[in-house]
$ cat entry_21.json   # JSON, C-alpha atoms and all ligand atoms
[["chain", "number", "residue", "atom", "x", "y", "z"],
["A", 22, "MET", "CA", -13.14, 4.74, 11.23],
["A", 23, "LYS", "CA", -9.60, 4.22, 12.37],
["A", 24, "ILE", "CA", -7.03, 3.13, 9.80],
["A", 25, "GLN", "CA", -3.52, 2.06, 10.67],
["A", 26, "TRP", "CA", -0.68, 0.02, 9.25],
["A", 27, "PRO", "CA", 2.15, -1.36, 11.34],
["A", 28, "ARG", "CA", 4.88, -1.32, 8.68],
["A", 29, "VAL", "CA", 5.84, -0.02, 5.24],
["A", 30, "CYS", "CA", 7.60, -1.79, 2.39],
["A", 31, "PHE", "CA", 11.38, -1.60, 2.69],
["A", 32, "VAL", "CA", 11.83, -1.01, -1.05],
["A", 33, "CYS", "CA", 8.83, 0.95, -2.35],
["A", 34, "HIS", "CA", 7.49, 2.43, 0.94],
["A", 35, "ILE", "CA", 3.82, 1.53, 0.52],
["A", 36, "PRO", "CA", 1.74, 0.84, 3.66],
["A", 37, "LEU", "CA", 1.45, -2.85, 4.51],
["A", 38, "ASP", "CA", -1.26, -4.79, 6.34],
["A", 39, "VAL", "CA", -3.73, -1.90, 6.41],
["A", 40, "ASP", "CA", -6.26, -2.39, 9.21],
["A", 41, "PHE", "CA", -9.72, -0.79, 9.32],
["A", 42, "GLN", "CA", -11.30, -0.44, 12.75],
["A", 43, "TYR", "CA", -14.82, 0.78, 13.38],
["A", 44, "THR", "CA", -15.11, 3.49, 16.01],
["A", 45, "ARG", "CA", -18.88, 4.11, 15.80],
["A", 46, "ASP", "CA", -21.77, 1.69, 15.69],
["A", 47, "ASP", "CA", -23.11, 2.58, 12.23],
["A", 48, "GLU", "CA", -19.76, 2.47, 10.44],
["A", 49, "GLU", "CA", -19.85, -1.23, 9.62],
["A", 50, "LYS", "CA", -23.12, -0.77, 7.72],
["A", 51, "LEU", "CA", -21.91, 2.42, 6.04],
["A", 52, "PHE", "CA", -18.62, 0.79, 5.05],
["A", 53, "ASP", "CA", -20.47, -2.10, 3.39],
["A", 54, "GLU", "CA", -22.55, 0.41, 1.43],
["A", 55, "PHE", "CA", -19.46, 2.41, 0.54],
["A", 56, "LEU", "CA", -17.73, -0.66, -0.93],
["A", 57, "GLU", "CA", -20.53, -0.98, -3.50],
["A", 58, "PHE", "CA", -19.86, 2.53, -4.83],
["A", 59, "PHE", "CA", -16.09, 2.68, -4.33],
["A", 60, "PRO", "CA", -14.51, -0.77, -4.40],
["A", 61, "THR", "CA", -11.05, -1.11, -2.92],
["A", 62, "PRO", "CA", -8.22, -0.15, -5.29],
["A", 63, "PRO", "CA", -7.46, -2.95, -7.77],
["A", 64, "ASN", "CA", -3.84, -3.23, -6.69],
["A", 65, "PHE", "CA", -4.64, -3.33, -2.97],
["A", 66, "HIS", "CA", -3.80, -7.04, -2.75],
["A", 67, "TYR", "CA", -0.10, -6.16, -3.07],
["A", 68, "ASN", "CA", -0.21, -4.42, 0.32],
["A", 69, "VAL", "CA", 0.45, -7.53, 2.36],
["A", 70, "SER", "CA", 3.74, -8.07, 4.06],
["A", 71, "ALA", "CA", 6.39, -10.70, 3.58],
["A", 72, "LYS", "CA", 9.95, -10.70, 4.83],
["A", 73, "ARG", "CA", 13.21, -11.32, 3.05],
["A", 74, "ARG", "CA", 16.79, -11.16, 4.19],
["A", 75, "PHE", "CA", 18.86, -8.42, 2.59],
["A", 76, "ASN", "CA", 22.56, -7.88, 2.23],
["A", 77, "ASP", "CA", 22.80, -6.28, 5.69],
["A", 78, "GLY", "CA", 21.89, -9.64, 7.23],
["A", 79, "LYS", "CA", 18.51, -8.47, 8.57],
["A", 80, "PHE", "CA", 14.97, -9.32, 7.60],
["A", 81, "HIS", "CA", 12.97, -6.42, 6.21],
["A", 82, "PRO", "CA", 9.25, -6.29, 5.31],
["A", 83, "LEU", "CA", 8.36, -6.26, 1.64],
["A", 84, "CYS", "CA", 5.11, -5.93, -0.24],
["A", 85, "ALA", "CA", 3.89, -8.86, -2.31],
["A", 86, "TRP", "CA", 5.09, -7.40, -5.62],
["A", 87, "CYS", "CA", 8.58, -6.61, -4.32],
["A", 88, "PHE", "CA", 8.75, -10.06, -2.74],
["A", 89, "ASP", "CA", 7.91, -11.79, -6.02],
["A", 90, "ASN", "CA", 10.12, -9.57, -8.20],
["A", 91, "HIS", "CA", 13.12, -9.18, -5.97],
["A", 92, "ARG", "CA", 16.27, -8.34, -7.95],
["A", 93, "LYS", "CA", 19.41, -9.59, -6.36],
["A", 94, "ILE", "CA", 22.38, -7.52, -7.43],
["A", 95, "TRP", "CA", 25.37, -9.55, -8.49],
["A", 96, "ILE", "CA", 28.64, -7.80, -7.88],
["A", 97, "ASN", "CA", 31.06, -8.23, -10.70],
["A", 98, "PRO", "CA", 33.66, -5.80, -12.04],
["A", 99, "SER", "CA", 31.89, -5.01, -15.29],
["A", 100, "MET", "CA", 28.65, -4.12, -13.50],
["A", 101, "VAL", "CA", 30.49, -1.92, -11.01],
["A", 102, "ARG", "CA", 32.27, -0.22, -13.90],
["A", 103, "ASP", "CA", 29.01, 0.37, -15.79],
["A", 104, "ARG", "CA", 27.35, 1.78, -12.69],
["A", 105, "GLU", "CA", 30.23, 4.15, -11.95],
["A", 106, "ILE", "CA", 30.32, 5.56, -15.47],
["A", 107, "GLY", "CA", 26.53, 5.93, -15.51],
["A", 108, "LYS", "CA", 25.81, 3.32, -18.15],
["A", 109, "ILE", "CA", 23.26, 1.52, -15.97],
["A", 110, "LYS", "CA", 21.30, 2.82, -13.01],
["A", 111, "PHE", "CA", 19.80, 1.08, -10.04],
["A", 112, "ALA", "CA", 16.71, 3.13, -9.30],
["A", 113, "HIS", "CA", 13.96, 2.22, -6.89],
["A", 114, "PRO", "CA", 11.07, 0.59, -8.74],
["A", 115, "SER", "CA", 7.79, 2.45, -8.91],
["A", 116, "PRO", "CA", 5.34, 1.06, -6.36],
["A", 117, "LYS", "CA", 2.85, -1.39, -7.85],
["A", 118, "GLY", "CA", 0.59, -1.55, -4.80],
["A", 119, "THR", "CA", -1.66, 1.14, -3.38],
["A", 120, "THR", "CA", 0.46, 4.07, -2.27],
["A", 121, "ARG", "CA", -0.15, 6.27, 0.72],
["A", 122, "ALA", "CA", -1.58, 9.11, -1.45],
["A", 123, "GLU", "CA", -4.02, 6.75, -3.20],
["A", 124, "LEU", "CA", -5.11, 5.37, 0.15],
["A", 125, "GLU", "CA", -5.60, 8.91, 1.44],
["A", 126, "THR", "CA", -7.83, 9.73, -1.55],
["A", 127, "TYR", "CA", -9.87, 6.60, -0.90],
["A", 128, "LEU", "CA", -10.30, 7.54, 2.75],
["A", 129, "THR", "CA", -11.30, 11.10, 1.85],
["A", 130, "ASN", "CA", -14.08, 9.70, -0.35],
["A", 131, "MET", "CA", -15.11, 7.39, 2.48],
["A", 132, "LYS", "CA", -15.27, 10.25, 4.96],
["A", 133, "ALA", "CA", -17.38, 12.35, 2.59],
["A", 134, "TYR", "CA", -19.72, 9.43, 1.97],
["A", 135, "PHE", "CA", -20.14, 8.80, 5.69],
["A", 136, "ALA", "CA", -20.88, 12.49, 6.33],
["A", 137, "ALA", "CA", -23.47, 12.68, 3.55],
["A", 138, "ARG", "CA", -25.06, 9.41, 4.63],
["A", 139, "ARG", "CA", -25.34, 10.58, 8.24],
["A", 140, "ARG", "CA", -26.67, 13.96, 7.18],
["A", 141, "HIS", "CA", -29.46, 12.58, 5.02],
["A", 142, "GLY", "CA", -30.31, 9.41, 6.88],
["A", 143, "ASP", "CA", -31.99, 6.49, 5.13],
["A", 144, "VAL", "CA", -34.06, 8.72, 2.83],
["A", 145, "TYR", "CA", -32.34, 7.84, -0.45],
["A", 146, "PHE", "CA", -31.56, 4.19, 0.27],
["B", 1, "ZN", "ZN", 7.29, -2.94, -2.18]]
$ encode --input "entry_21.json" --output "structure tokens" --more "lines below"
Ligand SMILES: [Zn+2]
Amino acid sequence: MKIQWPRVCFVCHIPLDVDFQYTRDDEEKLFDEFLEFFPTPPNFHYNVSAKRRFNDGKFHPLCAWCFDNHRKIWINPSMVRDREIGKIKFAHPSPKGTTRAELETYLTNMKAYFAARRRHGDVYF
């Protein structure tokens, strides 16, 4: 199984447009069986890409959650003052989609399932 993603979210850095490619003949069948035991993460539908123009004049890829909940920062003197004295903070939002670590855990489970399934054959299924 080969997994790759061409881009990451510009704001929350989650992998976008994750692509699963089968490298062996039996992996399509094993992947269908694996989805019954370990369904895809419930927030995996946020990992699709959309593009929005930012203040630098360029288009950057965003995940679906960041695209829907984009906060445009209005520059006015009171907001600049509050930010400089530390009254308000502009922190990066926590990622709502599937992060790279969660995807890695999912793939570790998939790899273990494939190994066990190949080791035992069709005995238990
Ligand atoms: Zn995002």
$ residues_near_ligand --input "entry_21.json" --ligand "ligand ZN 1 (chain B)" --cutoff "6 Å" --atoms "only C-alpha atoms and all ligand atoms" --output "PyMOL selection string"
chain A and resi 30+32-33+83-84+87
$ write_last_selection --input "entry_21.json" --atoms "C-alpha atoms" --output "CSV table (one decimal), keeping the file's coordinate frame"
chain,number,residue,atom,x,y,z
A,30,CYS,CA,7.6,-1.8,2.4
A,32,VAL,CA,11.8,-1.0,-1.0
A,33,CYS,CA,8.8,1.0,-2.4
A,83,LEU,CA,8.4,-6.3,1.6
A,84,CYS,CA,5.1,-5.9,-0.2
A,87,CYS,CA,8.6,-6.6,-4.3
$ closest_residue --input "entry_21.json" --among "A:Asn97, A:Tyr67, A:Phe59, A:Leu124" --to "Phe41 of chain A" --atoms "only C-alpha atoms"
A:Leu124
$ closest_residue --input "entry_21.json" --among "A:Asp38, A:Lys50, A:His66, A:Glu123" --to "Asp143 of chain A" --atoms "all atoms listed in the file"
A:Lys50
$ atom_distance --input "entry_21.json" --atom1 "atom CA of Leu56 of chain A" --atom2 "atom CA of Trp86 of chain A"
24.3 Å
$ residues_near_point --input "entry_21.json" --point "(-2.1, 2.5, 7.9)" --cutoff "6 Å" --atoms "only C-alpha atoms" --output "list in words"
Ile24, Gln25, Trp26, Pro36 and Val39 of chain A
$ closest_residue --input "entry_21.json" --among "A:Arg45, A:Arg102, A:Lys110, A:Arg28" --to "Lys72 of chain A" --atoms "all atoms listed in the file"
A:Arg28
$ residues_around --input "entry_21.json" --residues "Tyr134 of chain A" --least-positions-apart "2" --cutoff "10 Å" --atoms "all atoms listed in the file" --output "MDAnalysis selection string"
chainID A and resid 51:52 54:55 58:59 128:132 136:140
$ atom_distance --input "entry_21.json" --atom1 "atom CA of Asp46 of chain A" --atom2 "atom CA of Pro27 of chain A"
24.5 Å
$ decode --input "entry_21.json" --residues "segment 69-117 of chain A" --atoms "N, CA and C atoms" --output "compact mmCIF listing (two decimals), in the first residue's frame"
# COMPACT_ATOMS: atom_id res chain seq x y z
N VAL A 69 -9.80 17.49 2.31
CA VAL A 69 -9.86 17.78 0.89
C VAL A 69 -9.42 19.23 0.69
N SER A 70 -8.88 19.50 -0.45
CA SER A 70 -8.23 20.80 -0.63
C SER A 70 -9.17 21.78 -1.32
N ALA A 71 -9.01 23.02 -0.93
CA ALA A 71 -9.64 24.15 -1.62
C ALA A 71 -8.62 25.27 -1.56
N LYS A 72 -8.78 26.25 -2.41
CA LYS A 72 -7.77 27.32 -2.44
C LYS A 72 -8.42 28.66 -2.19
N ARG A 73 -7.69 29.50 -1.47
CA ARG A 73 -8.17 30.84 -1.17
C ARG A 73 -6.99 31.81 -1.25
N ARG A 74 -7.29 33.00 -1.70
CA ARG A 74 -6.24 34.00 -1.82
C ARG A 74 -5.99 34.65 -0.46
N PHE A 75 -4.73 34.78 -0.10
CA PHE A 75 -4.37 35.38 1.18
C PHE A 75 -3.83 36.79 0.98
N ASN A 76 -3.38 37.38 2.07
CA ASN A 76 -2.95 38.76 2.00
C ASN A 76 -1.67 38.95 1.19
N ASP A 77 -0.91 37.87 0.94
CA ASP A 77 0.28 38.00 0.11
C ASP A 77 -0.04 37.99 -1.38
N GLY A 78 -1.32 37.87 -1.74
CA GLY A 78 -1.71 37.91 -3.14
C GLY A 78 -1.62 36.58 -3.84
N LYS A 79 -1.30 35.51 -3.13
CA LYS A 79 -1.17 34.18 -3.73
C LYS A 79 -2.28 33.27 -3.23
N PHE A 80 -2.56 32.25 -4.04
CA PHE A 80 -3.52 31.24 -3.63
C PHE A 80 -2.80 30.14 -2.87
N HIS A 81 -3.34 29.76 -1.72
CA HIS A 81 -2.75 28.69 -0.93
C HIS A 81 -3.80 27.63 -0.66
N PRO A 82 -3.38 26.34 -0.59
CA PRO A 82 -4.37 25.28 -0.32
C PRO A 82 -4.81 25.29 1.12
N LEU A 83 -6.11 25.05 1.31
CA LEU A 83 -6.70 24.98 2.64
C LEU A 83 -7.52 23.70 2.74
N CYS A 84 -7.66 23.20 3.97
CA CYS A 84 -8.57 22.08 4.18
C CYS A 84 -10.00 22.61 4.19
N ALA A 85 -10.96 21.70 4.22
CA ALA A 85 -12.36 22.12 4.11
C ALA A 85 -12.79 22.92 5.33
N TRP A 86 -12.31 22.57 6.53
CA TRP A 86 -12.71 23.30 7.72
C TRP A 86 -12.12 24.71 7.70
N CYS A 87 -10.84 24.83 7.35
CA CYS A 87 -10.23 26.16 7.30
C CYS A 87 -10.85 27.01 6.19
N PHE A 88 -11.29 26.36 5.11
CA PHE A 88 -11.92 27.12 4.03
C PHE A 88 -13.27 27.66 4.48
N ASP A 89 -14.03 26.87 5.22
CA ASP A 89 -15.35 27.33 5.66
C ASP A 89 -15.26 28.34 6.80
N ASN A 90 -14.25 28.22 7.65
CA ASN A 90 -14.16 29.07 8.84
C ASN A 90 -12.96 30.00 8.76
N HIS A 91 -12.76 30.57 7.60
CA HIS A 91 -11.62 31.46 7.41
C HIS A 91 -11.89 32.78 8.13
N ARG A 92 -10.93 33.20 8.97
CA ARG A 92 -11.07 34.47 9.68
C ARG A 92 -10.23 35.51 8.97
N LYS A 93 -10.85 36.47 8.43
CA LYS A 93 -10.10 37.56 7.83
C LYS A 93 -9.80 38.58 8.93
N ILE A 94 -8.56 39.01 9.00
CA ILE A 94 -8.15 39.91 10.07
C ILE A 94 -8.30 41.34 9.57
N TRP A 95 -9.16 42.08 10.25
CA TRP A 95 -9.31 43.49 9.91
C TRP A 95 -8.25 44.28 10.67
N ILE A 96 -7.60 45.15 9.97
CA ILE A 96 -6.57 45.96 10.60
C ILE A 96 -7.19 47.29 11.01
N ASN A 97 -7.29 47.48 12.30
CA ASN A 97 -7.68 48.79 12.78
C ASN A 97 -6.80 49.11 13.99
N PRO A 98 -6.69 50.35 14.37
CA PRO A 98 -5.73 50.72 15.42
C PRO A 98 -6.00 50.06 16.75
N SER A 99 -7.27 49.89 17.13
CA SER A 99 -7.53 49.29 18.43
C SER A 99 -7.13 47.83 18.46
N MET A 100 -7.31 47.11 17.33
CA MET A 100 -6.92 45.71 17.31
C MET A 100 -5.39 45.57 17.33
N VAL A 101 -4.70 46.45 16.62
CA VAL A 101 -3.24 46.42 16.65
C VAL A 101 -2.73 46.72 18.06
N ARG A 102 -3.37 47.69 18.71
CA ARG A 102 -2.98 48.03 20.09
C ARG A 102 -3.20 46.83 21.02
N ASP A 103 -4.37 46.18 20.91
CA ASP A 103 -4.66 45.05 21.79
C ASP A 103 -3.70 43.89 21.54
N ARG A 104 -3.32 43.69 20.28
CA ARG A 104 -2.40 42.61 19.99
C ARG A 104 -1.01 42.92 20.53
N GLU A 105 -0.58 44.17 20.44
CA GLU A 105 0.76 44.51 20.91
C GLU A 105 0.88 44.48 22.42
N ILE A 106 -0.20 44.77 23.14
CA ILE A 106 -0.11 44.69 24.59
C ILE A 106 -0.46 43.31 25.11
N GLY A 107 -0.82 42.39 24.21
CA GLY A 107 -1.09 41.02 24.63
C GLY A 107 -2.50 40.79 25.11
N LYS A 108 -3.42 41.69 24.80
CA LYS A 108 -4.79 41.51 25.24
C LYS A 108 -5.49 40.41 24.44
N ILE A 109 -5.23 40.38 23.13
CA ILE A 109 -5.77 39.31 22.29
C ILE A 109 -4.62 38.65 21.59
N LYS A 110 -4.81 37.39 21.20
CA LYS A 110 -3.77 36.64 20.52
C LYS A 110 -4.34 36.00 19.28
N PHE A 111 -3.54 35.99 18.23
CA PHE A 111 -3.92 35.31 17.01
C PHE A 111 -3.11 34.03 16.94
N ALA A 112 -3.66 32.94 17.46
CA ALA A 112 -2.96 31.67 17.42
C ALA A 112 -3.51 30.84 16.27
N HIS A 113 -2.72 29.91 15.81
CA HIS A 113 -3.20 29.00 14.78
C HIS A 113 -4.30 28.13 15.38
N PRO A 114 -5.37 27.89 14.66
CA PRO A 114 -6.42 27.02 15.19
C PRO A 114 -5.95 25.57 15.24
N SER A 115 -6.52 24.83 16.18
CA SER A 115 -6.18 23.40 16.23
C SER A 115 -6.80 22.71 15.03
N PRO A 116 -6.08 21.77 14.42
CA PRO A 116 -6.61 21.13 13.21
C PRO A 116 -7.85 20.31 13.51
N LYS A 117 -8.88 20.47 12.70
CA LYS A 117 -10.13 19.73 12.88
C LYS A 117 -10.15 18.46 12.04
